[in-house]
file work12.txt (compact mmCIF, C-alpha atoms)
# COMPACT_ATOMS: atom_id res chain seq x y z
CA MET P 1 -10.30 23.09 -13.55
CA GLY P 2 -11.65 24.28 -10.23
CA MET P 3 -11.61 27.98 -11.22
CA ARG P 4 -14.33 29.32 -8.90
CA SER P 5 -14.52 32.90 -7.88
CA THR P 6 -13.47 34.73 -4.78
CA ARG P 7 -11.78 34.09 -1.55
CA LEU P 8 -9.81 31.30 0.02
CA ILE P 9 -11.92 29.61 2.62
CA ALA P 10 -10.60 29.24 6.15
CA ALA P 11 -12.74 26.24 7.08
CA ILE P 12 -15.85 24.24 6.26
CA THR P 13 -18.80 24.76 8.62
CA ALA P 14 -18.72 21.77 10.98
CA LEU P 15 -21.52 19.41 11.87
CA ALA P 16 -19.47 17.98 14.71
CA ALA P 17 -15.85 16.95 14.63
CA ALA P 18 -16.14 13.56 16.24
CA PRO P 19 -13.68 10.61 16.06
CA ALA P 20 -13.17 7.54 13.92
CA ALA P 21 -13.74 3.75 13.93
CA ALA P 22 -13.21 0.06 14.39
CA LEU P 23 -12.13 -1.86 11.36
CA THR P 24 -14.54 -3.64 9.07
CA VAL P 25 -13.25 -4.58 5.68
CA GLY P 26 -15.17 -5.60 2.59
CA PRO P 27 -15.08 -5.29 -1.19
CA THR P 28 -16.70 -2.44 -3.05
CA LEU P 29 -19.06 -3.40 -5.85
CA ARG P 30 -19.61 -1.17 -8.86
CA PRO P 31 -23.28 -0.13 -9.07
CA ALA P 32 -25.26 -1.71 -11.87
CA ALA P 33 -25.71 0.35 -15.03
CA GLY P 34 -28.75 2.57 -14.81
CA ALA P 35 -28.91 2.46 -11.03
CA ALA P 36 -30.99 5.28 -9.61
CA GLN P 37 -29.01 8.41 -8.81
CA ARG P 38 -29.01 9.62 -5.20
CA THR P 39 -30.14 13.08 -4.24
CA SER P 40 -29.08 15.17 -1.29
CA GLY P 41 -30.98 17.89 0.49
CA ARG P 42 -27.98 19.08 2.47
CA VAL P 43 -27.36 22.81 2.36
CA ARG P 44 -23.90 23.76 1.14
CA ALA P 45 -21.84 24.50 4.25
CA VAL P 46 -19.04 26.78 3.15
CA ALA P 47 -18.15 29.81 5.26
CA GLU P 48 -15.20 31.82 6.39
CA LEU P 49 -15.07 30.47 9.90
CA VAL P 50 -12.21 31.20 12.27
CA ARG P 51 -12.31 28.82 15.20
CA ALA P 52 -10.34 29.39 18.36
CA ASP P 53 -9.21 25.77 18.39
CA SER P 54 -8.18 25.67 14.71
CA PRO P 55 -4.70 24.26 14.05
CA PRO P 56 -1.95 26.60 12.83
CA ALA P 57 -2.03 27.70 9.19
CA ILE P 58 0.36 25.77 6.94
CA GLY P 59 -0.47 27.12 3.46
CA THR P 60 2.70 29.16 3.07
CA ALA P 61 4.87 26.32 4.38
CA LEU P 62 3.76 23.66 1.88
CA PRO P 63 6.64 22.12 -0.09
CA ASP P 64 6.42 21.70 -3.83
CA CYS P 65 4.98 18.52 -5.31
CA PRO P 66 7.84 15.99 -5.53
CA PRO P 67 9.46 15.08 -8.86
CA THR P 68 8.06 12.13 -10.77
CA ILE P 69 10.05 8.95 -10.18
CA TRP P 70 10.33 7.19 -13.54
CA ASP P 71 11.30 3.52 -13.75
CA ALA P 72 9.85 2.06 -16.93
CA ASP P 73 12.70 0.25 -18.70
CA GLU P 74 12.85 -3.49 -19.43
CA ILE P 75 9.43 -4.45 -18.05
CA ASP P 76 8.54 -8.05 -18.92
CA ILE P 77 4.90 -7.56 -19.91
CA GLU P 78 3.82 -11.20 -20.20
CA ALA P 79 5.56 -12.23 -16.95
CA TRP P 80 3.95 -9.47 -14.92
CA GLN P 81 0.52 -9.99 -16.47
CA LYS P 82 0.77 -13.71 -15.65
CA GLN P 83 1.84 -12.92 -12.08
CA TYR P 84 -1.06 -10.51 -11.56
CA ARG P 85 -3.56 -13.07 -12.90
CA GLU P 86 -2.19 -15.81 -10.69
CA GLU P 87 -2.03 -13.60 -7.60
CA GLY P 88 -5.54 -12.29 -7.94
CA LEU P 89 -5.11 -8.58 -7.24
CA PRO P 90 -6.43 -7.34 -3.88
CA VAL P 91 -9.76 -5.54 -3.88
CA CYS P 92 -9.40 -1.84 -4.64
CA PRO P 93 -10.70 0.12 -2.84
CA ILE P 94 -10.78 -1.67 0.49
CA GLU P 95 -13.51 -0.37 2.79
CA ILE P 96 -12.99 0.56 6.44
CA HIS P 97 -16.22 1.25 8.29
CA ALA P 98 -16.51 3.29 11.45
CA THR P 99 -18.06 1.80 14.56
CA GLU P 100 -19.42 3.63 17.56
CA ALA P 101 -16.43 2.67 19.68
CA ALA P 102 -13.90 3.82 17.13
CA ASN P 103 -15.78 7.06 16.48
CA ALA P 104 -15.53 7.74 20.20
CA ALA P 105 -11.73 7.48 19.96
CA GLY P 106 -11.39 10.35 17.52
CA ALA P 107 -8.11 10.99 15.75
CA ALA P 108 -6.39 8.70 18.24
CA TRP P 109 -7.87 5.73 16.40
CA PHE P 110 -5.88 6.63 13.30
CA VAL P 111 -2.71 7.31 15.28
CA GLU P 112 -2.90 3.87 16.91
CA ARG P 113 -3.36 2.14 13.55
CA ARG P 114 -1.01 4.30 11.49
CA GLU P 115 1.38 1.54 10.43
CA GLU P 116 -1.44 -0.94 9.82
CA LEU P 117 -3.22 1.55 7.57
CA LYS P 118 -0.04 2.33 5.62
CA ALA P 119 0.40 -1.38 4.96
CA THR P 120 -3.24 -1.65 3.90
CA LEU P 121 -2.80 1.24 1.47
CA GLU P 122 0.29 -0.36 -0.07
CA LYS P 123 -1.54 -3.66 -0.53
CA HIS P 124 -4.86 -2.37 -1.87
CA GLY P 125 -3.94 0.96 -3.46
CA THR P 126 -6.96 2.78 -2.02
CA ILE P 127 -8.77 2.85 1.33
CA TRP P 128 -12.37 4.03 1.49
CA PHE P 129 -13.09 5.34 5.02
CA ARG P 130 -16.84 5.22 5.66
CA GLY P 131 -19.05 6.41 8.50
CA PHE P 132 -16.39 8.49 10.23
CA GLU P 133 -17.60 11.65 11.96
CA LEU P 134 -14.10 13.13 12.24
CA MET P 135 -13.74 14.09 8.57
CA LYS P 136 -16.98 16.06 8.17
CA ASP P 137 -15.21 19.41 8.34
CA ALA P 138 -11.84 20.81 7.26
CA ASP P 139 -10.28 20.71 10.72
CA GLY P 140 -11.29 17.09 11.25
CA PHE P 141 -10.11 16.09 7.80
CA ARG P 142 -6.74 17.68 8.53
CA SER P 143 -6.60 15.83 11.87
CA PHE P 144 -7.20 12.60 9.94
CA TRP P 145 -4.19 12.92 7.62
CA GLU P 146 -1.97 14.42 10.30
CA SER P 147 -2.75 11.39 12.47
CA LEU P 148 -1.40 9.19 9.65
CA ASP P 149 1.79 11.28 9.54
CA LEU P 150 1.28 12.22 5.89
CA ASP P 151 3.31 15.13 4.50
CA PRO P 152 1.14 17.61 2.56
CA CYS P 153 2.44 19.20 -0.64
CA LEU P 154 1.31 21.44 -3.47
CA ASP P 155 -0.68 20.09 -6.40
CA PRO P 156 1.50 19.20 -9.44
CA LEU P 157 -0.29 21.95 -11.41
CA HIS P 158 -0.39 24.47 -8.56
CA THR P 159 1.39 27.23 -10.48
CA SER P 160 -0.96 27.00 -13.48
CA GLY P 161 -3.89 28.75 -11.87
CA LEU P 162 -6.06 25.69 -12.51
CA ARG P 163 -6.06 24.55 -8.90
CA LYS P 164 -8.09 26.45 -6.31
CA PHE P 165 -7.52 26.17 -2.59
CA LEU P 166 -10.66 25.53 -0.57
CA SER P 167 -8.67 26.15 2.61
CA LYS P 168 -5.07 27.15 1.96
CA ASP P 169 -4.35 27.15 5.70
CA ASP P 170 -5.18 23.42 5.76
CA ALA P 171 -3.52 22.39 2.46
CA LEU P 172 -7.00 21.64 1.10
CA TYR P 173 -7.78 22.04 -2.62
CA GLU P 174 -11.28 22.13 -4.06
CA GLU P 175 -12.13 19.41 -6.55
CA VAL P 176 -13.94 20.23 -9.79
CA ASN P 177 -17.26 21.29 -8.28
CA LYS P 178 -17.91 24.29 -10.50
CA GLU P 179 -21.43 24.33 -11.97
CA SER P 180 -20.13 25.31 -15.41
CA LEU P 181 -18.06 22.10 -15.48
CA SER P 182 -20.73 19.87 -13.93
CA LYS P 183 -21.56 18.27 -17.30
CA HIS P 184 -17.88 17.68 -18.08
CA TYR P 185 -16.83 14.06 -17.57
CA ILE P 186 -13.36 13.81 -16.00
CA GLY P 187 -11.70 10.60 -17.13
CA LEU P 188 -9.18 8.44 -15.33
CA HIS P 189 -5.87 10.11 -14.54
CA ASN P 190 -3.04 10.15 -12.03
CA GLU P 191 -2.35 13.53 -10.47
CA SER P 192 0.94 13.88 -12.26
CA THR P 193 2.95 15.49 -15.03
CA PHE P 194 6.18 14.36 -16.62
CA LYS P 195 8.00 16.39 -13.96
CA LYS P 196 5.87 16.13 -10.81
CA THR P 197 3.75 13.47 -9.11
CA ALA P 198 2.06 13.46 -5.71
CA LYS P 199 2.72 10.23 -3.82
CA ALA P 200 -0.82 10.01 -2.44
CA GLY P 201 -4.06 11.93 -2.28
CA ALA P 202 -6.92 12.02 0.23
CA PHE P 203 -10.28 12.87 -1.36
CA VAL P 204 -13.04 13.98 1.02
CA CYS P 205 -16.75 14.47 0.46
CA PHE P 206 -18.30 17.37 2.38
CA LYS P 207 -21.49 17.20 0.33
CA PRO P 208 -22.52 14.99 -2.62
CA ALA P 209 -24.31 16.54 -5.59
CA THR P 210 -27.73 17.85 -4.55
CA GLY P 211 -29.33 16.78 -7.83
CA TRP P 212 -27.79 13.64 -9.25
CA GLY P 213 -24.45 12.14 -10.23
CA GLY P 214 -21.01 13.54 -9.43
CA GLU P 215 -19.72 10.20 -8.20
CA PHE P 216 -16.01 9.84 -7.78
CA PHE P 217 -14.48 6.76 -9.42
CA ILE P 218 -11.13 5.00 -9.43
CA ALA P 219 -9.32 2.21 -11.27
CA ASP P 220 -6.34 0.10 -10.19
CA GLY P 221 -3.43 0.73 -12.57
CA GLU P 222 -2.13 -2.80 -11.94
CA ALA P 223 -5.47 -4.23 -13.09
CA ILE P 224 -5.46 -2.11 -16.26
CA PHE P 225 -1.89 -3.26 -16.99
CA ARG P 226 -2.96 -6.87 -16.40
CA ASP P 227 -5.93 -6.71 -18.79
CA LEU P 228 -4.48 -4.80 -21.74
CA ASP P 229 -3.56 -6.74 -24.86
CA PRO P 230 0.19 -7.40 -24.50
CA GLU P 231 0.82 -6.34 -28.11
CA VAL P 232 -0.95 -3.03 -27.51
CA LEU P 233 1.08 -2.52 -24.34
CA ARG P 234 4.32 -3.39 -26.08
CA GLU P 235 3.65 -0.97 -28.94
CA ILE P 236 2.61 2.00 -26.82
CA MET P 237 5.42 1.43 -24.32
CA ARG P 238 7.97 1.21 -27.12
CA ARG P 239 6.76 4.37 -28.83
CA LYS P 240 5.84 6.27 -25.63
CA VAL P 241 3.27 9.07 -25.54
CA ARG P 242 3.19 12.87 -25.62
CA ILE P 243 0.32 14.94 -24.24
CA SER P 244 -0.80 18.23 -25.74
CA VAL P 245 -2.25 20.46 -23.03
CA SER P 246 -3.51 23.52 -24.96
CA ASN P 247 -4.43 24.88 -28.40
CA LEU P 248 -3.77 28.44 -29.50
CA ASP P 249 -5.15 29.28 -32.95
CA PHE P 250 -3.55 32.10 -34.97
CA ASP P 251 -5.35 31.74 -38.32
CA LEU P 252 -4.91 35.44 -39.05
CA LEU P 253 -1.20 34.82 -39.57
CA ASP P 254 -2.10 32.95 -42.75
CA LYS P 255 -2.93 36.25 -44.41
CA LEU P 256 0.61 37.59 -43.96
CA PRO P 257 3.30 37.33 -46.66
CA PRO P 258 5.59 34.31 -46.05
CA PRO P 259 8.56 36.18 -44.50
CA GLN P 260 6.37 38.14 -42.04
CA LYS P 261 4.29 35.07 -41.31
CA GLU P 262 7.36 33.01 -40.41
CA ALA P 263 8.74 35.79 -38.22
CA ALA P 264 5.38 36.22 -36.45
CA MET P 265 5.11 32.48 -35.82
CA ARG P 266 8.57 32.37 -34.24
CA LYS P 267 7.79 35.46 -32.14
CA LEU P 268 4.52 34.01 -30.85
CA GLU P 269 6.15 30.68 -30.16
CA GLN P 270 8.81 32.38 -28.05
CA MET P 271 6.30 34.58 -26.26
CA VAL P 272 4.20 31.59 -25.23
CA ALA P 273 7.27 29.55 -24.27
CA ASP P 274 8.64 32.39 -22.13
CA GLY P 275 5.44 33.76 -20.66
CA VAL P 276 2.97 30.90 -20.32
CA ALA P 277 4.76 27.55 -20.31
CA PRO P 278 6.81 28.26 -17.14
CA LYS P 279 3.55 28.74 -15.22
CA PHE P 280 2.74 25.08 -15.80
CA ASP P 281 6.25 23.91 -14.85
CA MET P 282 5.92 20.99 -17.27
CA ASP P 283 8.82 21.28 -19.75
CA LEU P 284 6.39 22.08 -22.55
CA GLU P 285 7.50 22.28 -26.18
CA MET P 286 5.70 24.76 -28.44
CA LEU P 287 4.78 23.08 -31.75
CA TRP P 288 2.84 24.25 -34.79
CA GLY P 289 0.38 22.08 -36.69
CA THR P 290 0.70 18.87 -34.68
CA ASP P 291 -2.99 18.00 -35.20
CA GLY P 292 -3.03 19.04 -38.87
CA ARG P 293 -4.03 22.69 -38.37
CA ALA P 294 -1.04 24.65 -39.61
CA MET P 295 -1.76 27.83 -37.62
CA ARG P 296 -2.46 26.04 -34.32
CA LEU P 297 0.27 26.36 -31.68
CA GLN P 298 0.16 23.50 -29.18
CA ALA P 299 1.98 23.10 -25.88
CA VAL P 300 3.18 19.49 -25.74
CA GLN P 301 4.76 17.60 -22.85
CA ASN P 302 7.87 15.46 -23.13
CA ALA P 303 7.61 11.87 -24.33
CA GLN P 304 6.86 9.54 -21.43
CA SER P 305 6.09 5.91 -20.77
CA PRO P 306 2.42 4.98 -20.22
CA VAL P 307 3.59 2.37 -17.71
CA ASN P 308 5.71 2.96 -14.62
CA ARG P 309 7.05 0.85 -11.78
CA HIS P 310 5.82 1.83 -8.36
CA PRO P 311 8.68 3.59 -6.53
CA ALA P 312 8.11 1.57 -3.34
CA THR P 313 6.95 -1.86 -4.55
CA GLY P 314 8.63 -2.04 -7.98
CA ARG P 315 5.41 -3.40 -9.48
CA PRO P 316 4.42 -2.03 -12.92
CA ALA P 317 1.09 -0.25 -13.38
CA TRP P 318 -0.70 1.72 -16.07
CA PHE P 319 0.44 5.28 -15.31
CA CYS P 320 -1.05 7.38 -18.07
CA ASN P 321 -3.78 10.01 -18.38
CA LEU P 322 -4.89 8.82 -21.82
CA HIS P 323 -8.42 7.96 -20.68
CA ASN P 324 -8.91 11.58 -19.62
CA GLN P 325 -6.85 13.45 -22.21
CA ALA P 326 -7.31 11.67 -25.54
CA ARG P 327 -9.43 13.92 -27.77
CA PHE P 328 -10.78 10.84 -29.58
CA LEU P 329 -12.39 9.74 -26.30
CA ARG P 330 -13.39 13.18 -25.05
CA GLU P 331 -15.40 13.85 -28.20
CA ARG P 332 -17.43 10.70 -27.56
CA ARG P 333 -18.63 11.61 -24.05
CA PRO P 334 -19.83 14.73 -22.17
CA CYS P 335 -17.10 17.35 -22.49
CA GLY P 336 -17.26 20.98 -21.44
CA THR P 337 -13.67 21.94 -22.22
CA PRO P 338 -13.22 24.95 -24.52
CA GLU P 339 -11.06 24.41 -27.60
CA VAL P 340 -8.11 26.26 -26.10
CA GLY P 341 -7.94 23.73 -23.27
CA MET P 342 -8.80 20.60 -25.27
CA THR P 343 -6.04 18.08 -24.64
CA ASP P 344 -4.86 15.27 -26.89
CA ILE P 345 -2.36 12.46 -26.77
CA TYR P 346 0.03 11.22 -29.45
CA PHE P 347 2.78 8.69 -29.83
CA GLY P 348 6.19 9.95 -28.77
CA ASP P 349 7.04 10.88 -32.38
CA LEU P 350 3.79 12.95 -32.52
CA SER P 351 2.06 10.55 -34.89
CA LEU P 352 -1.58 9.71 -34.20
CA ILE P 353 -2.49 6.79 -31.94
CA PRO P 354 -4.94 4.61 -33.93
CA GLY P 355 -8.57 4.79 -32.90
CA GLU P 356 -8.79 1.03 -32.36
CA MET P 357 -5.91 1.20 -29.89
CA LEU P 358 -7.56 4.07 -28.02
CA GLN P 359 -10.85 2.16 -27.98
CA HIS P 360 -9.16 -0.92 -26.55
CA ILE P 361 -7.44 1.06 -23.80
CA ASN P 362 -10.74 2.82 -23.05
CA GLU P 363 -12.63 -0.48 -22.78
CA VAL P 364 -10.05 -2.02 -20.45
CA SER P 365 -9.92 1.13 -18.33
CA GLU P 366 -13.70 1.33 -17.96
CA LYS P 367 -13.95 -2.39 -17.19
CA ASN P 368 -11.79 -1.71 -14.14
CA ILE P 369 -13.57 1.45 -12.96
CA VAL P 370 -15.10 1.26 -9.49
CA THR P 371 -17.70 3.93 -8.74
CA VAL P 372 -17.48 5.34 -5.22
CA PRO P 373 -20.73 7.04 -4.09
CA MET P 374 -19.19 9.06 -1.25
CA GLN P 375 -21.27 10.55 1.56
CA PRO P 376 -20.36 13.48 3.87
CA GLY P 377 -17.23 12.74 5.87
CA GLU P 378 -16.14 9.81 3.72
CA VAL P 379 -12.55 9.79 2.48
CA LEU P 380 -10.69 7.94 -0.25
CA LEU P 381 -6.97 7.65 0.50
CA CYS P 382 -5.31 6.78 -2.82
CA ASP P 383 -1.81 5.71 -3.80
CA ASN P 384 -1.32 8.10 -6.72
CA TYR P 385 1.40 6.01 -8.41
CA ARG P 386 -0.92 3.01 -8.59
CA VAL P 387 -4.54 4.21 -8.71
CA LEU P 388 -6.16 6.54 -11.26
CA HIS P 389 -9.21 8.65 -10.43
CA GLY P 390 -12.01 10.58 -12.16
CA ARG P 391 -15.44 12.15 -11.67
CA ASP P 392 -18.81 11.65 -13.35
CA ILE P 393 -21.10 14.46 -14.52
CA PHE P 394 -23.61 15.88 -12.03
CA ASP P 395 -26.44 18.28 -11.42
CA GLY P 396 -26.84 20.65 -8.48
CA ASP P 397 -24.42 21.76 -5.81
CA ARG P 398 -21.44 19.59 -4.87
CA LEU P 399 -18.53 20.00 -2.46
CA HIS P 400 -15.61 17.58 -2.60
CA ALA P 401 -12.00 18.44 -1.79
CA VAL P 402 -8.52 16.88 -1.79
CA SER P 403 -5.15 17.14 -0.08
CA TRP P 404 -1.97 15.92 -1.78
CA PHE P 405 1.02 14.31 -0.09
CA GLY P 406 4.70 14.01 -0.89
CA ASP P 407 7.86 13.16 1.00
CA GLU P 408 9.04 16.49 2.43
CA LYS P 409 8.20 18.14 5.74
CA LEU P 410 6.66 21.58 5.92
CA GLN P 411 9.11 24.31 4.92
CA ASP P 412 9.99 27.69 6.28
CA ASP P 413 7.81 30.38 4.70
CA SER P 414 10.86 31.93 3.05
CA ALA P 415 11.97 28.78 1.22
CA ALA P 416 13.20 30.00 -2.13
CA ASN P 417 12.44 26.93 -4.23
CA LYS P 418 8.68 26.88 -3.71
CA PRO P 419 6.42 27.84 -6.64
CA GLY P 420 4.33 30.95 -6.25
CA ASP P 421 0.60 31.31 -5.79
CA LEU P 422 0.00 34.46 -7.86
CA LEU P 423 -1.64 32.90 -10.92
CA ASN P 424 -3.89 30.74 -8.75
CA VAL P 425 -5.10 33.76 -6.82
CA VAL P 426 -5.63 35.94 -9.90
CA LEU P 427 -7.47 33.35 -12.02
CA ASN P 428 -9.63 32.04 -9.19
CA SER P 429 -10.61 35.57 -8.18
CA ALA P 430 -11.53 36.52 -11.74
CA PHE P 431 -13.56 33.48 -12.80

call {"tool": "encode", "arguments": {"input": "work12.txt", "output": "structure tokens"}}
result
Amino acid sequence: MGMRSTRLIAAITALAAAPAAALTVGPTLRPAAGAAQRTSGRVRAVAELVRADSPPAIGTALPDCPPTIWDADEIDIEAWQKQYREEGLPVCPIEIHATEAANAAGAAWFVERREELKATLEKHGTIWFRGFELMKDADGFRSFWESLDLDPCLDPLHTSGLRKFLSKDDALYEEVNKESLSKHYIGLHNESTFKKTAKAGAFVCFKPATGWGGEFFIADGEAIFRDLDPEVLREIMRRKVRISVSNLDFDLLDKLPPPQKEAAMRKLEQMVADGVAPKFDMDLEMLWGTDGRAMRLQAVQNAQSPVNRHPATGRPAWFCNLHNQARFLRERRPCGTPEVGMTDIYFGDLSLIPGEMLQHINEVSEKNIVTVPMQPGEVLLCDNYRVLHGRDIFDGDRLHAVSWFGDEKLQDDSAANKPGDLLNVVLNSAF
């Protein structure tokens, strides 16, 4: 995803980097089905712009995405579902609207309210900042998250080549804006793998789709956990899940005599394991015929729980990319993924998850989706352990971006344990 051609962009052309706002809070309502799509006549403002007042470059000092913190044992499903129903979960996202006075304060407004905003994020899971002038360009967006004392990190899939920097100097990745993927629906997911998970993400809109669609959407993982059938939850938590991330078909091997065929299969398996899997840094296992095609080699993640306790609050939430990665669901909605990149999800023993179970999880997930029609300068600050995100299909030109945050400070450029950027640069220069 996000494989657009050419250069890393130093900054987004600014309209005016003004400040931020006084606090108004209110619930976000999901637009009614069939609501008219918005259009935008804004011209795409992307340029290599070096400003004299730009902050220092931090791209080479970014620490790796932190390891996933797993805590999924002995969760009392019924007790937590009952507690969530009785509590009445807080609205997610919570809206914070800029006022003229707060916009006049600039980044200082966020500095003054840093602790208050951190508490708001922990309570609600996502904050939707609206009407702020500060975040309409890359420098202002960086000032926003620096004012909140957030620690930027690499994307969990940074080494794969599937994540393109919009501005490496500002730790800013481009979202999936590519025209060739505009009709590909991106389902709900946490930005995580079995090994790595960003603690939080800040999604910024520099320009909505010029034609229609492209809305960002989120769902509260606590709400999904609350609404799932407890028997479905118990079964899938007991059996865990495994995610297949790629398909490599070698049907020609079927024409070889059995001894040569077996040797070729083992050789290919080792070549992929040694040469490709490490780029994803996901502890992938190379398996033949998992989906019934004997000559298909799939890269499959470790078994993992679809539910996880939040590392700070201890509260369980749905923490699974099934809505986005289940082939059963992808084939029933707009999907532009080529076969080699078509994902799927299985039980931990690699047996198929029944369609009725996938349908139930899909229905509960979509019941809890909140569509967020972001405008230029608006930001969604999401707790990545609690809230899942996705993107609808669109037409036209679109420019959204994201920065990810962990728990380490910026590192010296020579830090030896940081993943490299070679594959990202090569793939995003070639495609």

call {"tool": "closest_residue", "arguments": {"input": "work12.txt", "among": "P:Glu133, P:Asp169, P:Glu115, P:Glu74", "to": "Leu148 of chain P", "atoms": "all atoms listed in the file"}}
result
P:Glu115

call {"tool": "atom_distance", "arguments": {"input": "work12.txt", "atom1": "atom CA of His400 of chain P", "atom2": "atom CA of Phe206 of chain P"}}
result
5.7 Å

call {"tool": "atom_distance", "arguments": {"input": "work12.txt", "atom1": "atom CA of Gly292 of chain P", "atom2": "atom CA of Glu262 of chain P"}}
result
17.5 Å

call {"tool": "closest_residue", "arguments": {"input": "work12.txt", "among": "P:Trp318, P:Phe216, P:Phe141, P:Tyr346", "to": "Val245 of chain P", "atoms": "only C-alpha atoms"}}
result
P:Tyr346

call {"tool": "closest_atom_pairs", "arguments": {"input": "work12.txt", "of": "segment 298-354 of chain P", "to": "segment 374-394 of chain P", "cutoff": "9 Å", "atoms": "all atoms listed in the file", "output": "JSON lines"}}
result
{"residue": "P:Asn308", "atom": "CA", "partner": "P:Tyr385", "partner_atom": "CA", "distance": 8.2}
{"residue": "P:Arg309", "atom": "CA", "partner": "P:Tyr385", "partner_atom": "CA", "distance": 8.4}
{"residue": "P:His310", "atom": "CA", "partner": "P:Tyr385", "partner_atom": "CA", "distance": 6.1}
{"residue": "P:Pro311", "atom": "CA", "partner": "P:Tyr385", "partner_atom": "CA", "distance": 7.9}
{"residue": "P:Pro316", "atom": "CA", "partner": "P:Arg386", "partner_atom": "CA", "distance": 8.5}
{"residue": "P:Ala317", "atom": "CA", "partner": "P:Arg386", "partner_atom": "CA", "distance": 6.1}
{"residue": "P:Trp318", "atom": "CA", "partner": "P:Arg386", "partner_atom": "CA", "distance": 7.6}
{"residue": "P:Phe319", "atom": "CA", "partner": "P:Tyr385", "partner_atom": "CA", "distance": 7.0}
{"residue": "P:Cys320", "atom": "CA", "partner": "P:Leu388", "partner_atom": "CA", "distance": 8.6}
{"residue": "P:Asn321", "atom": "CA", "partner": "P:Leu388", "partner_atom": "CA", "distance": 8.3}
{"residue": "P:Asn324", "atom": "CA", "partner": "P:Gly390", "partner_atom": "CA", "distance": 8.1}
{"residue": "P:Pro334", "atom": "CA", "partner": "P:Ile393", "partner_atom": "CA", "distance": 7.8}

call {"tool": "atom_distance", "arguments": {"input": "work12.txt", "atom1": "atom CA of Leu233 of chain P", "atom2": "atom CA of Ala219 of chain P"}}
result
17.4 Å

call {"tool": "closest_residue", "arguments": {"input": "work12.txt", "among": "P:Glu408, P:Asp397, P:Glu174, P:Glu100", "to": "Val204 of chain P", "atoms": "only C-alpha atoms"}}
result
P:Glu174

call {"tool": "residues_around", "arguments": {"input": "work12.txt", "residues": "Pro354 of chain P", "least_positions_apart": "5", "cutoff": "12 Å", "atoms": "all atoms listed in the file", "output": "PyMOL selection string"}}
result
chain P and resi 232+235-236+326+328-329+345-347+359-361

call {"tool": "write_last_selection", "arguments": {"input": "work12.txt", "atoms": "C-alpha atoms", "output": "PDB file, in the frame of the given file"}}
result
ATOM      1  CA  VAL P 232      -0.950  -3.030 -27.510  1.00  0.00           C
ATOM      2  CA  GLU P 235       3.650  -0.970 -28.940  1.00  0.00           C
ATOM      3  CA  ILE P 236       2.610   2.000 -26.820  1.00  0.00           C
ATOM      4  CA  ALA P 326      -7.310  11.670 -25.540  1.00  0.00           C
ATOM      5  CA  PHE P 328     -10.780  10.840 -29.580  1.00  0.00           C
ATOM      6  CA  LEU P 329     -12.390   9.740 -26.300  1.00  0.00           C
ATOM      7  CA  ILE P 345      -2.360  12.460 -26.770  1.00  0.00           C
ATOM      8  CA  TYR P 346       0.030  11.220 -29.450  1.00  0.00           C
ATOM      9  CA  PHE P 347       2.780   8.690 -29.830  1.00  0.00           C
ATOM     10  CA  GLN P 359     -10.850   2.160 -27.980  1.00  0.00           C
ATOM     11  CA  HIS P 360      -9.160  -0.920 -26.550  1.00  0.00           C
ATOM     12  CA  ILE P 361      -7.440   1.060 -23.800  1.00  0.00           C
TER      13      ILE P 361
END

call {"tool": "closest_residue", "arguments": {"input": "work12.txt", "among": "P:Glu363, P:Asp281, P:Asp220, P:Asp149", "to": "Cys92 of chain P", "atoms": "all atoms listed in the file"}}
result
P:Asp220

call {"tool": "closest_residue", "arguments": {"input": "work12.txt", "among": "P:Met271, P:Ala264, P:Leu352, P:Leu157", "to": "Lys240 of chain P", "atoms": "all atoms listed in the file"}}
result
P:Leu352

call {"tool": "axis_aligned_box", "arguments": {"input": "work12.txt", "around": "segment 93-109 of chain P", "padding_each_side": "4 Å", "output": "AutoDock Vina command-line options"}}
result
--center_x -12.9 --center_y 4.7 --center_z 8.7 --size_x 21.0 --size_y 20.7 --size_z 31.0

call {"tool": "closest_residue", "arguments": {"input": "work12.txt", "among": "P:Gly59, P:Pro152, P:Gly187, P:Gly125", "to": "Val91 of chain P", "atoms": "all atoms listed in the file"}}
result
P:Gly125

call {"tool": "residues_around", "arguments": {"input": "work12.txt", "residues": "Asp76 of chain P", "least_positions_apart": "5", "cutoff": "12 Å", "atoms": "only C-alpha atoms", "output": "number ranges by chain"}}
result
P: 81-83, 225-226, 230, 233-234, 237, 307, 309, 315-316
